[in-house]
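Novice: Let me begin by handing over the structure; questions about it come next.
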Amino acid sequence: MANENKLQNIIGHCKEYGFVFQSSEIYDGLSAVYDYGQLGTELKRNIREYWWRSMTQMHENIVGIDAAIFMHPTVWKASGHVDNFSDPMIDNKDSQKRYRVDHLIEGFAETLDKEKGEVLLQQMDLLLAENNFDGLKQLIEDKKIACAISGTCNWTDVRQFNLMFSTEIGSVAEEANVIYLRPETAQGIFVNFLNVQKSGRMKIPFGIAQTGKAFRNEIVARGFIFRMREFEQMEMQFFVQPGKQKEWYEYWKETRMKWHLSLGISPDKYRFHDHAKLAHYADAACDIEYDFPMGFKEVEGIHSRTDFDLKQHQQYSGKKLTYFDTDINQHYVPYVVETSIGLDRAVMMILSEAYEEEDLSTPEKPDSRSILHFPPMLAPIKLAVFPLTKKDGLPEIARDLIDQCKPYFKCFYEEKDAIGKRYRRQDAIGTPFCITIDHQTKEDQTVTIRHRDSMQQERIALSVVKDLILEKIKMF
Ligand code: ATP
């Protein structure tokens with residue numbers, strides 16, 4: 001399946017089965033904002049839960065918090081976001097369309113042959129690293145890069161555009177104060193560093209994890225839920241002794257890659273991308289890239305953030321943010337290694353990996369099925385239970401089984417249509433196991449279990465169903 005088609009098919013499938021909808025669709029939608037439907041919400045919750053438990057439950061020295069989205073405005077001054085969280089943008093004067101300069105040049109580079117494209121990208125990287133905006137504009141003009149809408153090269157100067165959304169807090173106009181919607185969850189962790197360290201009697205090295213919404217006024221928002229204006233992050237800041245950051249950076253690179261591979265995704269679908277241009281706060285940084293339908297793109301960032309953030313908050317707040325290390329009898333501001341993954345990008349990764357249009361044709365009959373090969377622990381619905389017919393006491397047995405299982409995992413009951421059709425509907429939403437109750441069940445207390453990926457069916461005792469599914473869906 002061509003990749004462009006694959007993305008479009010995934011988007012269509014997500015809408016048809018209730019995974020993801022365009023926000024405010026009945027009003028023609030809001031660009032780069034999406035709502036999760038009934039199944040997408042379950043999938044997202046399961047991915048979040050797997051990340052959360054991997055971080056907090058499986059690491060004795062990592063605890064989780066839930067900081068507010070609104071924070072004191074000075075937080076964003078201290079973090080550098082007010083001054084630095086911006087992308088160089090350029091507007092086409094004829095179409096009024098605004099572009100991120102790197103995206104505009106990258107798009108053009110893709111149309112060139114490989115070697116020429118690479119030279120152009122190198123030139124661009126150099127100019128971006130120097131913040132040379134005149135040079136970037138010159139490059140765009142020299143290469144005659146045109147706007148996709150107007151087709152002209154009539155460009156404004158390159159300008160910085162801050163990505164933070166702002167609003168006002170306070171009920172009376174005079175009291176109003178500009179406040180930002182957080183563009184990352186990390187700062188909520190930094191400002192609570194001492195609260196958590198002291199109240200939890202945490203000893204360095206230790207980590208603080210958090211999941212939650214973040215907001216960025218992305219100019220070029222495309223790629224479905226890959227780049228959104230409102231999205232969710234899962235971040236963990238790991239506080240270490242100064243000088244030990246390099247080894248912890250390597251540790252977290254390896255540990256996070258293992259997490260990705262534990263999703264059953266093949267290693268050749270991932271690669272590390274080391275940052276050549278480091279952010280102002282970092283002494284090492286890389287992305288974990290996944291091979292999305294639109295190519296290899298960042299799904300997670302791992303950053304060695306030095307003591308930049310804590311030192312900045314110390315300076316702007318006037319409050320000491322040091323730690324006394326009894327192992328070495330020293331006070332210091334800890335260094336931080338961060339892992340930061342976008343939950344929505346993880347959802348998109350899992351969907352891209354799972355989605356298949358499987359050809360089941362035989363020489364006699366064309367046939368196909370849409371299927372989502374989710375790892376069982378992430379599937380929105382774990383078990384579907386079907387009575388073969390609506391009578392003879394079969395629905396009652398099916399309902400009994402669901403009553404037994406539903407405290408432990410999400411089940412689905414259906415009695416309409418032929419069994420084959422019911423199986424196909426569950427394949428399309430990624431349910432890994434279906435149980436059919438038939439007349440034999442009444443005689444010998446056995447049922448048919450049908451496996452999604454192999455479509456294999458086998459006869460098992462009704463009494464073992466719950467424990468069997470529990471075993472298959474366990475996270476660790
Ligand atoms: P990009 O280069 O794609 O804009 P970034 O390097 O700015 O991403 P970070 O600031 O490192 O991203 O944020 C950490 C993670 O948050 C990213 O790896 C990504 O998974 C997620 N993320 C960032 N921006 C968005 C967005 N607009 N929509 C969805 N997820 C996002």
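Ordering of the structure tokens sets the chain letters (A, B, ...); residue numbers start at 1 within each chain; ligands are numbered from 1 in the order shown.
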Counting only C-alpha atoms and all ligand atoms, what residues are within 10 Å of ligand 1, given as an MDAnalysis selection string?
Specialist: chainID A and resid 32:33 85 87 163 183:186 213:235 275 279 285:289 297:303 338:346 348
Novice: Please extract the residues of range 60-238 of chain A with a backbone DSSP assignment of alpha helix (DSSP H) and present them as a VMD selection string.
Specialist: chain A and resid 73 to 78 81 to 84 101 to 111 114 to 129 133 to 142 186 to 190 193 to 199
Novice: What's the separation between CA of Ser79 in chain A and CA of Gln197 in chain A, in Å to one decimal place?
Specialist: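 Separation between CA of Ser79 in chain A and CA of Gln197 in chain A: 20.5 Å.
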Novice: Set the distance at 9 Å and use only C-alpha atoms: which residues neighbour Gly200 in chain A once local chain neighbours fewer than 4 positions away are removed? I'd like the list as a PyMOL selection string.
Specialist: chain A and resi 63+195-196
Novice: Please dump the current selection as a short mmCIF file (atom, residue, chain, number, x, y, z; two decimals), in the first residue's frame; keep all heavy atoms.
Specialist:
```
data_model
loop_
_atom_site.label_atom_id
_atom_site.label_comp_id
_atom_site.auth_asym_id
_atom_site.auth_seq_id
_atom_site.Cartn_x
_atom_site.Cartn_y
_atom_site.Cartn_z
N VAL A 63 8.78 8.80 40.87
CA VAL A 63 7.41 9.04 41.36
C VAL A 63 6.70 9.94 40.36
O VAL A 63 7.33 10.62 39.55
CB VAL A 63 7.42 9.71 42.76
CG1 VAL A 63 7.92 8.74 43.82
CG2 VAL A 63 8.24 10.98 42.76
N ASN A 195 9.69 20.23 46.45
CA ASN A 195 8.49 19.71 47.14
C ASN A 195 8.49 18.19 47.16
O ASN A 195 8.23 17.56 48.18
CB ASN A 195 7.21 20.17 46.41
CG ASN A 195 6.88 21.61 46.71
OD1 ASN A 195 7.32 22.15 47.72
ND2 ASN A 195 6.10 22.24 45.83
N VAL A 196 8.75 17.63 45.98
CA VAL A 196 8.72 16.16 45.87
C VAL A 196 9.91 15.56 46.59
O VAL A 196 9.77 14.58 47.33
CB VAL A 196 8.71 15.73 44.38
CG1 VAL A 196 8.84 14.22 44.25
CG2 VAL A 196 7.43 16.22 43.70
#
```
Novice: Mind checking DSSP for range 142-386 of chain A and telling me the strand (DSSP E) residues as an MDAnalysis selection string?
Specialist: chainID A and resid 159:162 166:169 177:180 206:215 230:240 270:274 284:292 295:306 323:325 330:332 335:342 355:359 368:372 383:386
